[in-house]
file run.cif (mmCIF, C-alpha atoms and all ligand atoms)
data_work
loop_
_atom_site.label_atom_id
_atom_site.label_comp_id
_atom_site.auth_asym_id
_atom_site.auth_seq_id
_atom_site.Cartn_x
_atom_site.Cartn_y
_atom_site.Cartn_z
CA MET E 1 -12.82 20.84 -32.66
CA THR E 2 -9.83 19.71 -34.67
CA GLN E 3 -6.17 18.98 -34.07
CA GLU E 4 -5.45 22.64 -34.80
CA GLN E 5 -7.99 23.85 -32.24
CA PHE E 6 -6.66 21.37 -29.68
CA GLU E 7 -3.15 22.72 -30.17
CA ARG E 8 -4.39 26.28 -29.90
CA THR E 9 -6.16 25.44 -26.63
CA ILE E 10 -2.91 24.03 -25.22
CA ASP E 11 -0.79 26.94 -26.50
CA ARG E 12 -3.14 29.50 -24.96
CA ASP E 13 -3.19 27.67 -21.63
CA GLN E 14 -6.92 27.04 -21.91
CA ARG E 15 -8.63 23.82 -20.78
CA VAL E 16 -9.50 20.79 -22.88
CA GLU E 17 -13.07 19.75 -22.02
CA PRO E 18 -14.72 16.30 -22.32
CA ARG E 19 -16.60 16.97 -25.57
CA ASP E 20 -13.59 18.57 -27.30
CA TRP E 21 -11.60 16.73 -29.92
CA MET E 22 -8.33 15.41 -28.51
CA PRO E 23 -5.59 13.14 -29.85
CA ASP E 24 -6.10 9.46 -28.90
CA ALA E 25 -2.73 9.45 -27.15
CA TYR E 26 -3.73 12.49 -25.03
CA ARG E 27 -6.95 10.72 -24.00
CA ALA E 28 -5.04 7.51 -23.20
CA THR E 29 -2.43 9.40 -21.15
CA MET E 30 -5.09 11.26 -19.19
CA ILE E 31 -7.01 8.04 -18.47
CA ARG E 32 -3.78 6.35 -17.37
CA GLN E 33 -2.72 9.14 -15.01
CA ILE E 34 -6.19 9.82 -13.58
CA ALA E 35 -6.89 6.10 -13.05
CA GLN E 36 -3.54 5.55 -11.32
CA HIS E 37 -4.21 8.58 -9.19
CA ALA E 38 -7.73 7.38 -8.28
CA HIS E 39 -6.43 3.89 -7.45
CA SER E 40 -3.76 5.49 -5.21
CA GLU E 41 -6.37 7.37 -3.23
CA ILE E 42 -8.45 4.23 -2.73
CA ILE E 43 -5.54 1.89 -1.91
CA GLY E 44 -4.09 4.77 0.15
CA MET E 45 -6.98 4.38 2.60
CA GLN E 46 -5.53 1.09 3.84
CA PRO E 47 -2.23 1.96 5.59
CA GLU E 48 -3.88 4.57 7.82
CA GLY E 49 -7.28 2.88 7.91
CA LEU E 50 -5.66 0.04 9.86
CA TRP E 51 -5.11 2.46 12.76
CA ILE E 52 -8.69 3.74 13.08
CA THR E 53 -9.65 1.14 15.69
CA ARG E 54 -6.31 1.52 17.48
CA ALA E 55 -6.06 5.33 17.64
CA PRO E 56 -4.95 6.46 21.12
CA SER E 57 -7.94 8.75 21.82
CA LEU E 58 -11.46 9.46 20.60
CA ARG E 59 -10.22 12.77 19.12
CA ARG E 60 -7.45 11.09 17.12
CA ARG E 61 -9.88 8.40 15.98
CA ALA E 62 -12.42 10.95 14.72
CA ILE E 63 -9.70 12.87 12.87
CA LEU E 64 -8.29 9.75 11.25
CA LEU E 65 -11.71 8.48 10.25
CA ALA E 66 -12.46 11.81 8.56
CA LYS E 67 -9.12 11.81 6.75
CA VAL E 68 -9.50 8.28 5.42
CA GLN E 69 -13.03 9.14 4.32
CA ASP E 70 -11.66 12.18 2.44
CA GLU E 71 -9.30 9.88 0.51
CA ALA E 72 -12.30 7.80 -0.58
CA GLY E 73 -13.93 11.02 -1.80
CA HIS E 74 -10.82 11.93 -3.78
CA GLY E 75 -10.84 8.51 -5.43
CA LEU E 76 -14.48 8.99 -6.41
CA TYR E 77 -13.96 12.46 -7.96
CA LEU E 78 -11.04 11.06 -9.90
CA TYR E 79 -12.93 8.02 -11.21
CA SER E 80 -15.65 10.45 -12.32
CA ALA E 81 -13.02 12.56 -14.13
CA ALA E 82 -11.77 9.39 -15.88
CA GLU E 83 -15.37 8.61 -16.90
CA THR E 84 -15.59 11.96 -18.71
CA LEU E 85 -12.90 10.57 -21.04
CA GLY E 86 -14.95 7.48 -21.81
CA ALA E 87 -13.33 5.13 -19.28
CA ASP E 88 -15.55 2.62 -17.53
CA ARG E 89 -15.20 2.67 -13.75
CA ALA E 90 -15.87 -1.06 -13.35
CA GLU E 91 -13.16 -1.81 -15.89
CA LEU E 92 -10.69 0.45 -14.09
CA THR E 93 -11.35 -1.38 -10.82
CA GLU E 94 -10.94 -4.70 -12.62
CA LYS E 95 -7.57 -3.52 -13.96
CA LEU E 96 -6.46 -2.48 -10.48
CA ILE E 97 -7.35 -5.74 -8.77
CA SER E 98 -5.86 -7.83 -11.57
CA GLY E 99 -2.59 -5.87 -11.36
CA ARG E 100 -2.90 -4.38 -14.86
CA GLN E 101 -2.99 -0.78 -13.63
CA LYS E 102 -0.65 0.85 -11.15
CA TYR E 103 -1.13 2.85 -7.96
CA SER E 104 1.44 4.86 -6.03
CA SER E 105 4.40 2.89 -4.67
CA ILE E 106 4.11 4.65 -1.30
CA PHE E 107 1.06 2.69 -0.18
CA ASN E 108 2.97 -0.60 -0.28
CA TYR E 109 4.82 0.13 2.96
CA PRO E 110 3.52 -0.99 6.38
CA THR E 111 2.29 1.34 9.13
CA LEU E 112 4.03 -0.08 12.20
CA THR E 113 3.18 2.51 14.89
CA PHE E 114 0.79 5.41 15.38
CA ALA E 115 3.65 7.80 14.56
CA ASP E 116 3.36 6.47 10.99
CA VAL E 117 -0.07 8.12 10.79
CA GLY E 118 1.56 11.48 11.59
CA VAL E 119 4.44 10.91 9.19
CA ILE E 120 2.08 9.91 6.37
CA GLY E 121 0.19 13.17 6.92
CA TRP E 122 3.37 15.22 7.01
CA LEU E 123 5.50 13.58 4.32
CA VAL E 124 3.11 11.61 2.09
CA ASP E 125 0.37 14.23 2.00
CA GLY E 126 3.12 16.87 1.79
CA ALA E 127 4.60 15.17 -1.28
CA ALA E 128 1.11 14.70 -2.72
CA ILE E 129 0.40 18.44 -2.37
CA CYS E 130 3.73 19.38 -3.93
CA ASN E 131 2.92 17.15 -6.91
CA GLN E 132 -0.76 18.07 -7.14
CA VAL E 133 -0.83 21.86 -6.73
CA PRO E 134 0.64 22.31 -10.24
CA LEU E 135 -1.94 19.78 -11.51
CA CYS E 136 -4.65 22.36 -10.66
CA ARG E 137 -3.37 24.00 -13.89
CA SER E 138 -3.31 20.73 -15.81
CA SER E 139 -4.72 21.05 -19.35
CA TYR E 140 -7.63 18.63 -18.88
CA GLY E 141 -10.48 20.64 -17.29
CA PRO E 142 -12.25 18.02 -15.13
CA TYR E 143 -8.91 16.78 -13.71
CA ALA E 144 -7.63 20.31 -12.98
CA ARG E 145 -10.89 21.24 -11.24
CA ALA E 146 -10.98 18.04 -9.16
CA MET E 147 -7.44 18.82 -8.08
CA ILE E 148 -8.42 22.16 -6.52
CA ARG E 149 -10.68 20.60 -3.92
CA ILE E 150 -8.36 17.65 -3.41
CA CYS E 151 -5.42 19.96 -2.69
CA LYS E 152 -7.41 21.93 -0.12
CA GLU E 153 -8.22 18.72 1.72
CA GLU E 154 -4.67 17.38 1.40
CA SER E 155 -3.32 20.60 2.98
CA PHE E 156 -5.57 20.01 5.94
CA HIS E 157 -4.35 16.39 6.13
CA GLN E 158 -0.76 17.53 6.07
CA ARG E 159 -1.31 19.90 8.97
CA GLN E 160 -3.09 17.24 11.05
CA GLY E 161 -0.08 14.94 10.51
CA TYR E 162 2.35 17.66 11.55
CA GLU E 163 0.26 18.53 14.62
CA LEU E 164 0.18 14.85 15.62
CA LEU E 165 3.97 14.68 15.33
CA MET E 166 4.47 17.91 17.30
CA THR E 167 2.36 16.41 20.09
CA LEU E 168 4.44 13.21 20.10
CA MET E 169 7.68 15.22 20.05
CA ARG E 170 6.55 17.01 23.22
CA GLY E 171 5.99 13.60 24.83
CA THR E 172 8.30 10.96 26.32
CA PRO E 173 11.71 9.92 24.91
CA ALA E 174 10.03 6.72 23.66
CA GLN E 175 7.44 8.76 21.75
CA ARG E 176 10.16 10.93 20.19
CA GLU E 177 12.05 7.78 19.17
CA MET E 178 8.89 6.42 17.61
CA VAL E 179 8.60 9.57 15.46
CA GLN E 180 12.25 9.41 14.40
CA ASP E 181 11.89 5.73 13.48
CA ALA E 182 8.82 6.49 11.35
CA VAL E 183 10.65 9.37 9.61
CA ASN E 184 13.60 7.03 8.90
CA ARG E 185 11.28 4.50 7.23
CA TRP E 186 9.11 6.93 5.20
CA TRP E 187 11.63 9.52 3.98
CA TRP E 188 13.10 7.69 0.98
CA PRO E 189 9.81 6.12 -0.16
CA SER E 190 8.29 9.66 -0.04
CA LEU E 191 10.97 10.92 -2.43
CA MET E 192 10.17 7.99 -4.73
CA MET E 193 6.52 9.10 -4.97
CA PHE E 194 7.59 11.73 -7.53
CA GLY E 195 8.47 8.97 -9.98
CA PRO E 196 11.69 7.91 -11.71
CA PRO E 197 14.43 10.46 -12.43
CA ASP E 198 13.69 12.64 -15.46
CA ALA E 199 16.19 10.76 -17.62
CA ASP E 200 14.21 7.52 -17.08
CA SER E 201 10.70 8.98 -17.14
CA THR E 202 8.82 7.65 -20.16
CA HIS E 203 5.93 10.11 -20.11
CA THR E 204 7.30 13.43 -18.79
CA GLU E 205 8.35 15.01 -22.07
CA ARG E 206 5.04 14.39 -23.81
CA SER E 207 2.95 15.22 -20.74
CA MET E 208 4.85 18.51 -20.33
CA ALA E 209 4.28 19.39 -24.00
CA TRP E 210 0.55 18.78 -23.51
CA LYS E 211 0.66 20.74 -20.21
CA ILE E 212 -0.75 17.77 -18.33
CA LYS E 213 2.34 17.94 -16.13
CA ARG E 214 3.72 21.42 -15.37
CA HIS E 215 7.02 20.33 -13.80
CA THR E 216 9.27 17.31 -14.16
CA ASN E 217 9.57 14.58 -11.52
CA ASP E 218 13.03 15.82 -10.41
CA GLU E 219 11.90 19.47 -10.17
CA LEU E 220 9.03 18.54 -7.85
CA ARG E 221 11.21 16.19 -5.80
CA GLN E 222 13.68 19.04 -5.25
CA ARG E 223 10.87 21.41 -4.29
CA PHE E 224 9.63 18.85 -1.74
CA VAL E 225 13.08 18.42 -0.18
CA ASP E 226 13.57 22.20 0.08
CA MET E 227 10.14 22.60 1.65
CA THR E 228 10.56 19.73 4.13
CA VAL E 229 14.03 20.40 5.59
CA PRO E 230 12.98 23.45 7.69
CA GLN E 231 9.85 21.59 8.82
CA ALA E 232 12.03 18.71 10.05
CA ASP E 233 14.23 21.19 11.94
CA ALA E 234 11.19 22.79 13.57
CA LEU E 235 9.94 19.37 14.59
CA GLY E 236 13.32 18.28 15.94
CA VAL E 237 13.77 15.17 13.78
CA THR E 238 16.69 14.19 11.56
CA LEU E 239 16.04 13.30 7.94
CA PRO E 240 17.95 10.03 7.33
CA ASP E 241 20.34 11.32 4.68
CA PRO E 242 23.94 12.17 5.65
CA GLU E 243 24.42 13.95 2.30
CA LEU E 244 21.52 16.34 2.81
CA ARG E 245 22.84 19.91 2.95
CA TRP E 246 22.11 23.41 1.65
CA ASN E 247 23.91 24.26 -1.57
CA ALA E 248 24.11 28.07 -1.71
CA GLU E 249 25.33 28.02 -5.31
CA ARG E 250 22.28 26.10 -6.54
CA GLY E 251 19.94 27.71 -4.03
CA HIS E 252 18.63 24.23 -3.18
CA HIS E 253 19.41 21.35 -0.85
CA ASP E 254 21.62 18.61 -2.21
CA PHE E 255 20.54 15.12 -1.22
CA GLY E 256 21.96 11.60 -1.40
CA PRO E 257 21.29 9.00 -4.10
CA ILE E 258 17.87 7.37 -4.22
CA ASP E 259 17.71 3.58 -4.49
CA TRP E 260 15.84 3.37 -7.80
CA SER E 261 15.97 -0.43 -7.75
CA GLU E 262 13.65 -0.28 -4.72
CA LEU E 263 11.13 1.88 -6.62
CA LYS E 264 11.22 -0.51 -9.59
CA ARG E 265 10.71 -3.49 -7.29
CA VAL E 266 7.75 -1.88 -5.49
CA ILE E 267 6.13 -0.68 -8.75
CA SER E 268 6.46 -4.14 -10.26
CA GLY E 269 4.47 -5.65 -7.37
CA ASP E 270 7.23 -6.81 -5.06
CA GLY E 271 7.03 -4.22 -2.25
CA PRO E 272 6.46 -5.16 1.40
CA CYS E 273 2.64 -4.95 1.23
CA ASN E 274 1.62 -5.09 -2.48
CA ALA E 275 -0.07 -8.50 -2.27
CA GLU E 276 -1.95 -7.56 0.90
CA ARG E 277 -3.14 -4.20 -0.46
CA VAL E 278 -4.53 -5.69 -3.66
CA ALA E 279 -6.07 -8.66 -1.81
CA VAL E 280 -7.92 -6.29 0.57
CA ARG E 281 -9.19 -4.21 -2.36
CA ARG E 282 -10.30 -7.34 -4.22
CA ALA E 283 -12.14 -8.70 -1.16
CA ALA E 284 -13.89 -5.32 -0.64
CA HIS E 285 -14.94 -5.35 -4.30
CA GLU E 286 -16.29 -8.91 -4.10
CA ASP E 287 -18.02 -8.34 -0.75
CA GLY E 288 -19.63 -5.20 -2.18
CA ALA E 289 -21.17 -6.97 -5.20
CA TRP E 290 -24.59 -7.19 -3.51
CA VAL E 291 -24.58 -3.42 -2.86
CA ARG E 292 -23.89 -2.67 -6.54
CA GLU E 293 -26.59 -5.15 -7.61
CA ALA E 294 -29.11 -3.64 -5.18
CA ALA E 295 -28.30 -0.08 -6.31
CA ALA E 296 -28.65 -1.05 -9.98
CA ALA E 297 -31.98 -2.84 -9.31
CA TYR E 298 -33.26 0.22 -7.41
CA ALA E 299 -32.19 2.62 -10.18
CA ALA E 300 -33.89 0.39 -12.80
CA LYS E 301 -37.09 0.34 -10.71
CA GLN E 302 -37.04 4.13 -10.35
CA ALA E 303 -36.49 4.59 -14.09
CA GLU E 304 -39.37 2.19 -14.82
CA ARG E 305 -41.65 4.19 -12.46
CA GLU E 306 -40.73 7.44 -14.18
CA ARG E 307 -41.53 5.95 -17.60
CA ARG E 308 -45.05 4.96 -16.46
N1 LIG E 401 4.42 4.65 -7.94
O1 LIG E 401 7.05 8.43 -16.99
P1 LIG E 401 6.73 8.50 -15.54
C1 LIG E 401 -2.22 10.30 -2.98
C2 LIG E 401 5.03 4.83 -13.02
S1 LIG E 401 -0.79 10.81 -3.73
C3 LIG E 401 3.91 3.83 -8.90
O2 LIG E 401 7.48 9.49 -14.71
P2 LIG E 401 4.26 9.99 -15.23
C4 LIG E 401 -2.76 11.13 -1.81
C5 LIG E 401 4.23 5.68 -13.99
O3 LIG E 401 2.86 5.59 -13.71
C6 LIG E 401 -0.24 9.52 -4.83
N2 LIG E 401 4.13 4.01 -10.22
O4 LIG E 401 5.15 8.67 -15.37
C7 LIG E 401 -2.86 10.35 -0.55
C8 LIG E 401 4.62 5.08 -15.31
O5 LIG E 401 3.97 3.82 -15.46
P3 LIG E 401 3.12 3.39 -16.80
C9 LIG E 401 -0.86 9.55 -6.19
C10 LIG E 401 4.88 5.08 -10.57
O6 LIG E 401 2.85 9.58 -15.19
C11 LIG E 401 -2.05 10.68 0.51
C12 LIG E 401 6.09 4.76 -15.10
O7 LIG E 401 6.27 4.59 -13.68
N3 LIG E 401 -0.59 10.76 -6.90
O8 LIG E 401 -2.74 9.35 -3.42
C13 LIG E 401 5.41 5.97 -9.64
O9 LIG E 401 4.67 11.00 -16.24
C14 LIG E 401 -2.13 9.98 1.71
C15 LIG E 401 7.03 5.82 -15.63
O10 LIG E 401 6.94 7.05 -14.88
C16 LIG E 401 -0.70 10.82 -8.23
O11 LIG E 401 -0.99 9.84 -8.90
C17 LIG E 401 5.16 5.72 -8.26
N4 LIG E 401 5.64 6.50 -7.30
O12 LIG E 401 4.69 10.58 -13.78
C18 LIG E 401 -3.79 9.34 -0.41
C19 LIG E 401 -0.46 12.19 -8.85
N5 LIG E 401 6.10 6.93 -10.30
O13 LIG E 401 1.81 4.10 -16.70
C20 LIG E 401 -3.87 8.59 0.80
C21 LIG E 401 -0.72 12.24 -10.32
C22 LIG E 401 6.01 6.63 -11.61
O14 LIG E 401 3.94 3.81 -17.98
C23 LIG E 401 -3.05 8.93 1.87
N6 LIG E 401 0.27 11.55 -11.08
N7 LIG E 401 5.29 5.52 -11.77
O15 LIG E 401 2.92 1.91 -16.70
C24 LIG E 401 1.45 12.10 -11.49
O16 LIG E 401 1.75 13.24 -11.21
C25 LIG E 401 2.34 11.27 -12.36
O17 LIG E 401 1.60 10.20 -12.88
C26 LIG E 401 3.61 10.73 -11.62
C27 LIG E 401 4.42 9.85 -12.60
C28 LIG E 401 4.51 11.89 -11.19
C29 LIG E 401 3.25 9.87 -10.41
#

call {"tool": "encode", "arguments": {"input": "run.cif", "output": "structure tokens", "more": "lines below"}}
Ligand code: FAQ
result
Amino acid sequence: MTQEQFERTIDRDQRVEPRDWMPDAYRATMIRQIAQHAHSEIIGMQPEGLWITRAPSLRRRAILLAKVQDEAGHGLYLYSAAETLGADRAELTEKLISGRQKYSSIFNYPTLTFADVGVIGWLVDGAAICNQVPLCRSSYGPYARAMIRICKEESFHQRQGYELLMTLMRGTPAQREMVQDAVNRWWWPSLMMFGPPDADSTHTERSMAWKIKRHTNDELRQRFVDMTVPQADALGVTLPDPELRWNAERGHHDFGPIDWSELKRVISGDGPCNAERVAVRRAAHEDGAWVREAAAAYAAKQAERERR
């Protein structure tokens, strides 16, 4: 395959596959996005994982355990997709724990009450779905295919979060207040998940031209707001934005200004939980060294047996 064939593949909306020729910058962009996405899934296990032992019932504990386990699975598919581009998984992990590669800003906020588990399912998984459904049509085959299964599971996660919140909203005034407080804390960070505004987004233009991204950050953010407002009404919570209102002329909701300095601060490592999240990941990696060594020794032994 040549440059010309690559361009034809993109123009015809076909998929680029691992053995195909691709520009170095396309490969680098795909590795960057897939690795950041994989790291987000793995670091994203922590905020909710902290509630597994404190879930209020056996049912809620089993659900949460399954959800957090799903996120681990998503991370693993995504690391495998990055490997098809020639990336080395151990190196990617090294880059994450040394702060050289990013993960989503959203996982640097604390989970203060069990309502946060519901709000993460509703808003964070909701935003993730909104961003990821179009990625099922992303131009890189292994990434687009991984996204199909991931989106199915994320939809399930979103519904479990919403169901948890509906249950709390039918509860006591204190439980309803707990939900509102969680919504107040997670709303703006959820909008920031979609990335900087289009005017400040370094990669959007190129990634759109290569059909890696199908919509801009602002388009998806708007779609998420429009999708979420009726859900908030049905739930009986108030989204913490006095400027949020339907604009009939645009056919969309207008919303207030986002504090982009907060996103920059959190991305650059200075969010409420960045140090803790990376420290936990680093400790898990170091504590797991013996497992990797044992698995490698076993695989070598098996290979040796097969050779004989
Ligand atoms: N946080 O030029 P752009 C989940 C970085 S969902 C941190 O706009 P791009 C599921 C960006 O990387 C969360 N960094 O970049 C779950 C770039 O940095 P670089 C993960 C951010 O790539 C739910 C720079 O700013 N989802 O895990 C953020 O075109 C519940 C300039 O930005 C994905 O990763 C941010 N919010 O667009 C798990 C989806 N925003 O590399 C557990 C796939 C931007 O130049 C529990 N990724 N940056 O140093 C994407 O769609 C895109 O990469 C965007 C950013 C939209 C995130």

call {"tool": "closest_residue", "arguments": {"input": "run.cif", "among": "E:Met192, E:Leu123, E:Val68, E:Leu76", "to": "Leu263 (chain E)", "atoms": "only C-alpha atoms"}}
result
E:Met192

call {"tool": "axis_aligned_box", "arguments": {"input": "run.cif", "around": "region 131-150 of chain E", "padding_each_side": "5 Å", "output": "AutoDock Vina command-line options"}}
result
--center_x -4.7 --center_y 20.4 --center_z -11.4 --size_x 25.2 --size_y 17.2 --size_z 25.9

call {"tool": "atom_distance", "arguments": {"input": "run.cif", "atom1": "CA of Arg185 (chain E)", "atom2": "CA of Val124 (chain E)"}}
result
12.0 Å

call {"tool": "closest_atom_pairs", "arguments": {"input": "run.cif", "of": "chain E", "to": "ligand LIG 401 (chain E)", "cutoff": "8 Å", "atoms": "only C-alpha atoms and all ligand atoms", "output": "CSV"}}
result
residue,atom,partner,partner_atom,distance
E:Thr29,CA,E:LIG401,O6,8.0
E:Arg32,CA,E:LIG401,O13,6.1
E:Gln33,CA,E:LIG401,O17,4.9
E:Ile34,CA,E:LIG401,C21,6.8
E:Gln36,CA,E:LIG401,O11,5.5
E:His37,CA,E:LIG401,O11,3.5
E:Ala38,CA,E:LIG401,O11,7.2
E:His39,CA,E:LIG401,O8,7.7
E:Ser40,CA,E:LIG401,O8,4.4
E:Glu41,CA,E:LIG401,O8,4.1
E:Ile42,CA,E:LIG401,C20,7.2
E:Ile43,CA,E:LIG401,C20,7.4
E:Gly44,CA,E:LIG401,C20,3.9
E:Met45,CA,E:LIG401,C20,5.5
E:Pro47,CA,E:LIG401,C23,7.9
E:Glu48,CA,E:LIG401,C23,7.4
E:Val68,CA,E:LIG401,C20,7.3
E:Glu71,CA,E:LIG401,C20,5.6
E:Gln101,CA,E:LIG401,O15,7.2
E:Lys102,CA,E:LIG401,N2,5.8
E:Tyr103,CA,E:LIG401,C3,5.2
E:Ser104,CA,E:LIG401,N1,3.5
E:Ser105,CA,E:LIG401,N1,3.7
E:Ile106,CA,E:LIG401,N4,6.5
E:Phe107,CA,E:LIG401,C23,7.7
E:Ile120,CA,E:LIG401,C14,6.3
E:Gly121,CA,E:LIG401,C14,6.5
E:Val124,CA,E:LIG401,C11,5.5
E:Asp125,CA,E:LIG401,C11,4.5
E:Ala127,CA,E:LIG401,S1,7.4
E:Ala128,CA,E:LIG401,S1,4.4
E:Ile129,CA,E:LIG401,S1,7.8
E:Asn131,CA,E:LIG401,O16,5.9
E:Gln132,CA,E:LIG401,C19,6.1
E:Leu135,CA,E:LIG401,O16,7.5
E:Glu154,CA,E:LIG401,C11,7.2
E:Met192,CA,E:LIG401,N4,5.4
E:Met193,CA,E:LIG401,N4,3.6
E:Phe194,CA,E:LIG401,C28,4.8
E:Gly195,CA,E:LIG401,N5,3.1
E:Pro196,CA,E:LIG401,O2,5.4
E:Pro197,CA,E:LIG401,O2,7.4
E:Asp198,CA,E:LIG401,O2,7.0
E:Asp200,CA,E:LIG401,O1,7.2
E:Ser201,CA,E:LIG401,O1,3.7
E:Thr202,CA,E:LIG401,O1,3.7
E:His203,CA,E:LIG401,O1,3.7
E:Thr204,CA,E:LIG401,O9,4.4
E:Glu205,CA,E:LIG401,O9,8.0
E:Ser207,CA,E:LIG401,O9,6.4
E:Lys213,CA,E:LIG401,O16,6.8
E:Thr216,CA,E:LIG401,C28,7.8
E:Asn217,CA,E:LIG401,C28,5.7
E:Leu263,CA,E:LIG401,N4,7.2
E:Val266,CA,E:LIG401,C3,7.7
E:Ile267,CA,E:LIG401,C3,5.0

call {"tool": "closest_residue", "arguments": {"input": "run.cif", "among": "E:Gln14, E:Gln302, E:Ala115, E:Gln222", "to": "Arg250 (chain E)", "atoms": "only C-alpha atoms"}}
result
E:Gln222

call {"tool": "closest_residue", "arguments": {"input": "run.cif", "among": "E:Leu64, E:Glu94, E:Asn108, E:Val291", "to": "Gln160 (chain E)", "atoms": "all atoms listed in the file"}}
result
E:Leu64

call {"tool": "atom_distance", "arguments": {"input": "run.cif", "atom1": "CA of Ala146 (chain E)", "atom2": "CA of Glu91 (chain E)"}}
result
21.1 Å

call {"tool": "decode", "arguments": {"input": "run.cif", "residues": "region 243-249 of chain E", "atoms": "all heavy atoms", "output": "PDB file, in the first residue's frame"}}
result
ATOM      1  N   GLU E 243     -27.188  29.477  33.206  1.00  0.00           N
ATOM      2  CA  GLU E 243     -27.359  29.935  31.813  1.00  0.00           C
ATOM      3  C   GLU E 243     -27.878  28.844  30.879  1.00  0.00           C
ATOM      4  O   GLU E 243     -28.008  29.051  29.675  1.00  0.00           O
ATOM      5  CB  GLU E 243     -26.026  30.474  31.283  1.00  0.00           C
ATOM      6  CG  GLU E 243     -25.601  31.740  31.999  1.00  0.00           C
ATOM      7  CD  GLU E 243     -24.252  32.259  31.527  1.00  0.00           C
ATOM      8  OE1 GLU E 243     -24.014  32.268  30.307  1.00  0.00           O
ATOM      9  OE2 GLU E 243     -23.446  32.623  32.401  1.00  0.00           O
ATOM     10  N   LEU E 244     -28.125  27.665  31.439  1.00  0.00           N
ATOM     11  CA  LEU E 244     -28.565  26.541  30.606  1.00  0.00           C
ATOM     12  C   LEU E 244     -30.021  26.727  30.189  1.00  0.00           C
ATOM     13  O   LEU E 244     -30.907  26.773  31.041  1.00  0.00           O
ATOM     14  CB  LEU E 244     -28.408  25.244  31.416  1.00  0.00           C
ATOM     15  CG  LEU E 244     -28.693  23.928  30.723  1.00  0.00           C
ATOM     16  CD1 LEU E 244     -27.694  23.659  29.613  1.00  0.00           C
ATOM     17  CD2 LEU E 244     -28.631  22.779  31.739  1.00  0.00           C
ATOM     18  N   ARG E 245     -30.262  26.909  28.916  1.00  0.00           N
ATOM     19  CA  ARG E 245     -31.655  27.002  28.435  1.00  0.00           C
ATOM     20  C   ARG E 245     -31.743  26.625  26.965  1.00  0.00           C
ATOM     21  O   ARG E 245     -30.755  26.692  26.230  1.00  0.00           O
ATOM     22  CB  ARG E 245     -32.248  28.388  28.687  1.00  0.00           C
ATOM     23  CG  ARG E 245     -31.609  29.545  27.954  1.00  0.00           C
ATOM     24  CD  ARG E 245     -32.299  30.854  28.332  1.00  0.00           C
ATOM     25  NE  ARG E 245     -32.259  31.079  29.787  1.00  0.00           N
ATOM     26  CZ  ARG E 245     -31.245  31.680  30.416  1.00  0.00           C
ATOM     27  NH1 ARG E 245     -30.215  32.132  29.739  1.00  0.00           N
ATOM     28  NH2 ARG E 245     -31.258  31.841  31.725  1.00  0.00           N
ATOM     29  N   TRP E 246     -32.969  26.223  26.573  1.00  0.00           N
ATOM     30  CA  TRP E 246     -33.215  25.816  25.184  1.00  0.00           C
ATOM     31  C   TRP E 246     -33.179  27.041  24.279  1.00  0.00           C
ATOM     32  O   TRP E 246     -33.773  28.068  24.590  1.00  0.00           O
ATOM     33  CB  TRP E 246     -34.567  25.108  25.095  1.00  0.00           C
ATOM     34  CG  TRP E 246     -34.958  24.722  23.695  1.00  0.00           C
ATOM     35  CD1 TRP E 246     -35.950  25.269  22.932  1.00  0.00           C
ATOM     36  CD2 TRP E 246     -34.342  23.714  22.887  1.00  0.00           C
ATOM     37  NE1 TRP E 246     -35.989  24.655  21.701  1.00  0.00           N
ATOM     38  CE2 TRP E 246     -35.013  23.689  21.644  1.00  0.00           C
ATOM     39  CE3 TRP E 246     -33.274  22.821  23.094  1.00  0.00           C
ATOM     40  CZ2 TRP E 246     -34.658  22.821  20.610  1.00  0.00           C
ATOM     41  CZ3 TRP E 246     -32.935  21.958  22.054  1.00  0.00           C
ATOM     42  CH2 TRP E 246     -33.621  21.953  20.835  1.00  0.00           C
ATOM     43  N   ASN E 247     -32.466  26.921  23.174  1.00  0.00           N
ATOM     44  CA  ASN E 247     -32.408  28.008  22.197  1.00  0.00           C
ATOM     45  C   ASN E 247     -33.113  27.496  20.931  1.00  0.00           C
ATOM     46  O   ASN E 247     -32.552  26.699  20.175  1.00  0.00           O
ATOM     47  CB  ASN E 247     -30.930  28.361  21.926  1.00  0.00           C
ATOM     48  CG  ASN E 247     -30.783  29.480  20.922  1.00  0.00           C
ATOM     49  OD1 ASN E 247     -31.617  29.646  20.026  1.00  0.00           O
ATOM     50  ND2 ASN E 247     -29.704  30.249  21.053  1.00  0.00           N
ATOM     51  N   ALA E 248     -34.354  27.940  20.737  1.00  0.00           N
ATOM     52  CA  ALA E 248     -35.173  27.402  19.638  1.00  0.00           C
ATOM     53  C   ALA E 248     -34.553  27.734  18.286  1.00  0.00           C
ATOM     54  O   ALA E 248     -34.648  26.941  17.337  1.00  0.00           O
ATOM     55  CB  ALA E 248     -36.584  27.964  19.734  1.00  0.00           C
ATOM     56  N   GLU E 249     -33.889  28.893  18.217  1.00  0.00           N
ATOM     57  CA  GLU E 249     -33.300  29.308  16.942  1.00  0.00           C
ATOM     58  C   GLU E 249     -32.186  28.338  16.517  1.00  0.00           C
ATOM     59  O   GLU E 249     -32.105  27.932  15.364  1.00  0.00           O
ATOM     60  CB  GLU E 249     -32.689  30.688  17.138  1.00  0.00           C
ATOM     61  CG  GLU E 249     -32.952  31.646  15.989  1.00  0.00           C
ATOM     62  CD  GLU E 249     -32.585  33.040  16.433  1.00  0.00           C
ATOM     63  OE1 GLU E 249     -33.464  33.710  17.025  1.00  0.00           O
ATOM     64  OE2 GLU E 249     -31.419  33.412  16.235  1.00  0.00           O
TER      65      GLU E 249
END
